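Working notes for the structure below.
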Amino acid sequence: MKIYFRLLSFAKPIEKFAIPYVIATLLSVLFGTLNLALLSPLFETLLNAKQSPLMSSINSESSSGFDILGTFREFVNNSINSNGTERTLVYVCIVIVISVLLSNIFRYLSQRTMEDLRVHTLLNFRRTVFNNVMNLHVGYFNNERKGDIISKVASDVQVVQFTVTNTLQVVFKEPLQLIFYIVLLFNISVKLTLLSLIVIPIAGFIISKIVKRLKRQAKEAHESFAKMIGFLDEALGGIKIIKAFNATERTKNKFNDENIFYSNLNRKMVRRQQLASPVSEFLGVLMVAFIVWYGGTLILNNDESALAASDFIAYIAIFSQVMRPAKAIGNSFSGIHSGIAAGERVLELIDTKPEFTNKEEAKSLGEFSQSISLQNVSFSYGEKEVLKNINLEIKKGTTVALVGPSGGGKSTLMDLLPRFHDPKSGAIKIDGQDYRDLTVESLRSQMGIVNQESFLFNDTIFNNIAYGKPDATEEEVLNAAKIANAHEFIINTEDGYQTFVGDRGNKLSGGQRQRVCIARAVLANPPIMLLDEATSALDTESEKLVQHALNNLMQNRTSIVIAHRLSTIQHANTIVVIDKGEVVEQGSHSELLAKRGLYHRLIEMQTFND
């Protein structure tokens, strides 16, 4: 119940929907029950064609215990005496038509309100989940399957919305309908109703046993579906690798195995859900047959306790409808189990908190004016220490290059600066202020990032360049593209700046994508640039163009650069050599060469390879 109430909180303000729903449902159930209650006067009118009004009056008095039924019987008998049977039949039919019309109008309004609540809940739930995912720290996504996150945001949330609405129907509409039917049955015949209601608790017990295992199976099904989505995402992202290594059949088989498991699990769940309906229906028909036999025997034997024929026919018709809300309750419970299982998975994602958030008293960073200082900074992924007591000062307007063997911690150090992670110990200060005392938004607004992986959104070239500054003018975008050496190739594309780049920019070459990313950083015009091996994946010609663009980008800015080609960073003010998470050398290009240490070895290795 605790999980359900948490899910229900996403429907707030629920009273906006609950009050109209309760009113509309109450009236719908009332008129729906009245439709069946009017069957008795209808049959009485038909039977009165062969009976005397007096006899009919006696029968109605002996059987009426419900004021509405009594009132209609009185109306029918008076109408037959004064207007005749045929005109009375017309009156009864008009009343039934009006009752059915009102019942359906209010049922429509009830369903419409419930649909509004469903959409409102889905909107709030999905927004909350997505917002929380976007607020999570970067490190979270290194440990989680993307497909699992996508499944929770897309599929699981969809299941949960029906849980909320179905539960409200289980709690209010169906029990209310059941109560109205039972009250009506008791007022027609207490004896028959007491006998017939034995079937409801029996049916409920059997259905509860049938759906008992549904929650566990539903959770397994959601997890299996998430695996399939994750596998699909990987297969689409790595389609070239799959085909290059002739792994198409192996990939198809792997997906098919999970698909078979998911399908079999769903089949078992659906079989259990579908079993509830025929079981309850069979028990209901069994009870109707018993009532027909028992009541019919009394009538045929002219028993004094027997119902009037019209009441008996109406009783059978009403009782046949009793199992409908009971069956709906059983079906709803099976859906609720599945929804709560999905809700647990989504709430787990919502409950995941970022490793760091802005302090309550966090200040906004003003204009960067002095330096960035790393003081005894250490960092680790779990138990593995990646950085050890890093001390480094980066003055405004200087270029600092980070070099060293692969896996030494250069990219991790770069990720600490925009606070994608927080150091495990030590401090990072900007203009003398610990960056944990500053708002993340103001910190990152001072930094532009160009990564080795040139990521573009599936949008136009113009919108990708203007991503960091959505209100940029066309002239500003063009100028940024020219600085990044991207203008010439852009105007030669099919639609110029309005050309769509495709998924992850796959319609452009690696060098073109990288230059668009550089143009994006240029337009944002940050005082601090972070360049993480921005040319490592490019051919020689593209590298020269991109490197020239990077040189333009770094002018009059503070730059921290990771480069795999050491020849591109020889002009840096300070070169920091990092090996195994520690700063082993630091100085200018000439100073480090004179030391004949690790940097000198790296230079010699690249010169030899070239």
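Chain lettering (A, B, ...) mirrors the order of the structure tokens, residue numbering begins at 1 for each chain separately, and ligand numbering begins at 1 in order of display.
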Please identify the strand (DSSP E) residues within range 291-478 of chain A (assignment by DSSP from backbone atoms) and present them as a VMD selection string. chain A and resid 371 to 381 384 to 395 399 to 403 425 to 430 433 to 434 447 to 450
Could you write out, as a PyMOL selection string, all the residues of range 273-414 of chain A that DSSP marks as helix (DSSP H, G or I)? chain A and resi 273-300+309-351+410-414
Shell of 9 Å around Thr352 in chain A, only C-alpha atoms, local chain residues under 2 positions omitted, as a PDB file with all heavy atoms, in the first residue's frame:
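Contents of the output file part.pdb:
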ATOM      1  N   ASN A 132      14.566  13.799 -12.802  1.00  0.00           N
ATOM      2  CA  ASN A 132      15.515  13.222 -11.861  1.00  0.00           C
ATOM      3  C   ASN A 132      16.690  12.574 -12.589  1.00  0.00           C
ATOM      4  O   ASN A 132      17.839  12.668 -12.139  1.00  0.00           O
ATOM      5  CB  ASN A 132      14.829  12.178 -10.975  1.00  0.00           C
ATOM      6  CG  ASN A 132      15.650  11.816  -9.755  1.00  0.00           C
ATOM      7  OD1 ASN A 132      15.889  12.644  -8.885  1.00  0.00           O
ATOM      8  ND2 ASN A 132      16.116  10.582  -9.705  1.00  0.00           N
ATOM      9  N   VAL A 133      16.402  11.930 -13.731  1.00  0.00           N
ATOM     10  CA  VAL A 133      17.483  11.329 -14.525  1.00  0.00           C
ATOM     11  C   VAL A 133      18.453  12.409 -14.987  1.00  0.00           C
ATOM     12  O   VAL A 133      19.675  12.245 -14.938  1.00  0.00           O
ATOM     13  CB  VAL A 133      16.900  10.561 -15.734  1.00  0.00           C
ATOM     14  CG1 VAL A 133      18.015  10.167 -16.711  1.00  0.00           C
ATOM     15  CG2 VAL A 133      16.161   9.314 -15.266  1.00  0.00           C
ATOM     16  N   LEU A 136      20.889  13.550 -12.260  1.00  0.00           N
ATOM     17  CA  LEU A 136      21.860  12.604 -11.714  1.00  0.00           C
ATOM     18  C   LEU A 136      23.280  12.928 -12.192  1.00  0.00           C
ATOM     19  O   LEU A 136      23.471  13.495 -13.274  1.00  0.00           O
ATOM     20  CB  LEU A 136      21.495  11.174 -12.131  1.00  0.00           C
ATOM     21  CG  LEU A 136      20.224  10.606 -11.494  1.00  0.00           C
ATOM     22  CD1 LEU A 136      19.876   9.262 -12.095  1.00  0.00           C
ATOM     23  CD2 LEU A 136      20.378  10.486  -9.983  1.00  0.00           C
ATOM     24  N   LEU A 347      10.122   4.065  -9.112  1.00  0.00           N
ATOM     25  CA  LEU A 347      10.388   4.790  -7.867  1.00  0.00           C
ATOM     26  C   LEU A 347      11.838   4.609  -7.424  1.00  0.00           C
ATOM     27  O   LEU A 347      12.429   5.508  -6.825  1.00  0.00           O
ATOM     28  CB  LEU A 347       9.438   4.303  -6.764  1.00  0.00           C
ATOM     29  CG  LEU A 347       7.968   4.714  -6.922  1.00  0.00           C
ATOM     30  CD1 LEU A 347       7.103   4.037  -5.868  1.00  0.00           C
ATOM     31  CD2 LEU A 347       7.805   6.233  -6.847  1.00  0.00           C
ATOM     32  N   GLU A 348      12.396   3.454  -7.744  1.00  0.00           N
ATOM     33  CA  GLU A 348      13.814   3.225  -7.451  1.00  0.00           C
ATOM     34  C   GLU A 348      14.683   4.237  -8.201  1.00  0.00           C
ATOM     35  O   GLU A 348      15.667   4.745  -7.661  1.00  0.00           O
ATOM     36  CB  GLU A 348      14.172   1.798  -7.871  1.00  0.00           C
ATOM     37  CG  GLU A 348      15.624   1.418  -7.636  1.00  0.00           C
ATOM     38  CD  GLU A 348      15.943   0.044  -8.197  1.00  0.00           C
ATOM     39  OE1 GLU A 348      15.070  -0.841  -8.117  1.00  0.00           O
ATOM     40  OE2 GLU A 348      17.055  -0.146  -8.723  1.00  0.00           O
ATOM     41  N   LEU A 349      14.288   4.533  -9.441  1.00  0.00           N
ATOM     42  CA  LEU A 349      15.016   5.530 -10.230  1.00  0.00           C
ATOM     43  C   LEU A 349      14.797   6.933  -9.673  1.00  0.00           C
ATOM     44  O   LEU A 349      15.722   7.744  -9.592  1.00  0.00           O
ATOM     45  CB  LEU A 349      14.558   5.464 -11.694  1.00  0.00           C
ATOM     46  CG  LEU A 349      15.289   6.353 -12.705  1.00  0.00           C
ATOM     47  CD1 LEU A 349      16.790   6.088 -12.698  1.00  0.00           C
ATOM     48  CD2 LEU A 349      14.728   6.154 -14.100  1.00  0.00           C
ATOM     49  N   ILE A 350      13.560   7.228  -9.268  1.00  0.00           N
ATOM     50  CA  ILE A 350      13.248   8.544  -8.697  1.00  0.00           C
ATOM     51  C   ILE A 350      13.991   8.746  -7.377  1.00  0.00           C
ATOM     52  O   ILE A 350      14.444   9.853  -7.065  1.00  0.00           O
ATOM     53  CB  ILE A 350      11.722   8.687  -8.487  1.00  0.00           C
ATOM     54  CG1 ILE A 350      11.014   8.783  -9.849  1.00  0.00           C
ATOM     55  CG2 ILE A 350      11.392   9.912  -7.640  1.00  0.00           C
ATOM     56  CD1 ILE A 350       9.507   8.808  -9.750  1.00  0.00           C
ATOM     57  N   PRO A 354      21.376  12.487  -6.723  1.00  0.00           N
ATOM     58  CA  PRO A 354      22.702  12.869  -7.232  1.00  0.00           C
ATOM     59  C   PRO A 354      23.728  12.834  -6.108  1.00  0.00           C
ATOM     60  O   PRO A 354      23.391  13.048  -4.932  1.00  0.00           O
ATOM     61  CB  PRO A 354      22.487  14.314  -7.724  1.00  0.00           C
ATOM     62  CG  PRO A 354      21.017  14.493  -7.834  1.00  0.00           C
ATOM     63  CD  PRO A 354      20.386  13.563  -6.863  1.00  0.00           C
TER      64      PRO A 354
END
Extract, using only C-alpha atoms, all DNA, RNA and protein residues at most 9 Å from Gly409 in chain A, discarding same-chain residues fewer than 5 positions from it, and format them as a compact mmCIF listing (two decimals) with N, CA, C and O atoms, in the first residue's frame.
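Writing the result to out-v3.txt gives the following:
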# COMPACT_ATOMS: atom_id res chain seq x y z
N VAL A 386 42.19 6.70 -8.71
CA VAL A 386 42.56 7.15 -10.06
C VAL A 386 43.49 8.35 -10.00
O VAL A 386 44.42 8.46 -10.79
N LEU A 387 43.25 9.27 -9.06
CA LEU A 387 44.09 10.45 -8.90
C LEU A 387 44.60 10.51 -7.46
O LEU A 387 43.85 10.23 -6.52
N GLY A 404 50.50 12.19 -20.93
CA GLY A 404 50.93 11.02 -20.18
C GLY A 404 50.36 9.76 -20.78
O GLY A 404 49.53 9.80 -21.70
N MET A 414 40.12 16.08 -15.97
CA MET A 414 39.35 17.03 -16.77
C MET A 414 37.88 17.04 -16.35
O MET A 414 37.24 18.08 -16.29
N ILE A 578 51.14 13.34 -16.36
CA ILE A 578 50.42 12.54 -15.35
C ILE A 578 50.61 11.06 -15.66
O ILE A 578 50.38 10.61 -16.79
N ASP A 579 51.04 10.32 -14.66
CA ASP A 579 51.23 8.88 -14.82
C ASP A 579 50.74 8.17 -13.57
O ASP A 579 51.12 8.53 -12.45
N LYS A 580 49.85 7.20 -13.77
CA LYS A 580 49.29 6.42 -12.65
C LYS A 580 48.65 7.32 -11.58
O LYS A 580 48.79 7.09 -10.38
N GLY A 581 47.97 8.36 -12.06
CA GLY A 581 47.21 9.23 -11.17
C GLY A 581 48.01 10.28 -10.44
O GLY A 581 47.48 10.98 -9.57
N GLU A 582 49.29 10.43 -10.77
CA GLU A 582 50.13 11.39 -10.08
C GLU A 582 50.82 12.32 -11.09
O GLU A 582 51.10 11.93 -12.22
I want to know what sits within 9 Å of Gly147 in chain A, based on only C-alpha atoms, with residues of the same chain fewer than 6 positions away left out; could you give that as an NGL selection string? :A and (225-234)
For CA of Ile336 in chain A and CA of Thr167 in chain A, determine how far apart the two atoms are, in Å to one decimal place. 6.9 Å
To one decimal in Å, tell me the separation between CA of Ser588 in chain A and CA of Pro526 in chain A. 25.0 Å
Shortest interatomic distance to Val160 in chain A - which of A:Leu38, A:Pro175, A:Ile242, A:Phe10, counting only C-alpha atoms: A:Phe10
Residues near His589 in chain A, anyone? I mean within 9 Å using only C-alpha atoms, not counting same-chain ones fewer than 6 positions away, as a VMD selection string. chain A and resid 569 to 575 599
At a cut-off of 7 Å, using only C-alpha atoms, what residues contact range 113-117 of chain A? Leave out same-chain residues fewer than 5 positions from it and give the result as an mmCIF file with N, CA and C atoms, in the first residue's frame.
data_model
loop_
_atom_site.group_PDB
_atom_site.id
_atom_site.type_symbol
_atom_site.label_atom_id
_atom_site.label_comp_id
_atom_site.auth_asym_id
_atom_site.auth_seq_id
_atom_site.Cartn_x
_atom_site.Cartn_y
_atom_site.Cartn_z
ATOM 1 N N ALA A 11 -0.829 12.020 -8.871
ATOM 2 C CA ALA A 11 -2.109 12.451 -9.432
ATOM 3 C C ALA A 11 -2.568 13.778 -8.844
ATOM 4 N N PHE A 17 -10.088 15.855 -9.967
ATOM 5 C CA PHE A 17 -10.650 14.796 -10.794
ATOM 6 C C PHE A 17 -11.553 13.867 -9.979
ATOM 7 N N TYR A 21 -15.517 12.711 -10.697
ATOM 8 C CA TYR A 21 -15.603 11.278 -10.979
ATOM 9 C C TYR A 21 -16.594 10.596 -10.038
ATOM 10 N N THR A 165 -5.531 4.569 -12.095
ATOM 11 C CA THR A 165 -6.935 4.699 -12.491
ATOM 12 C C THR A 165 -7.712 3.416 -12.202
#
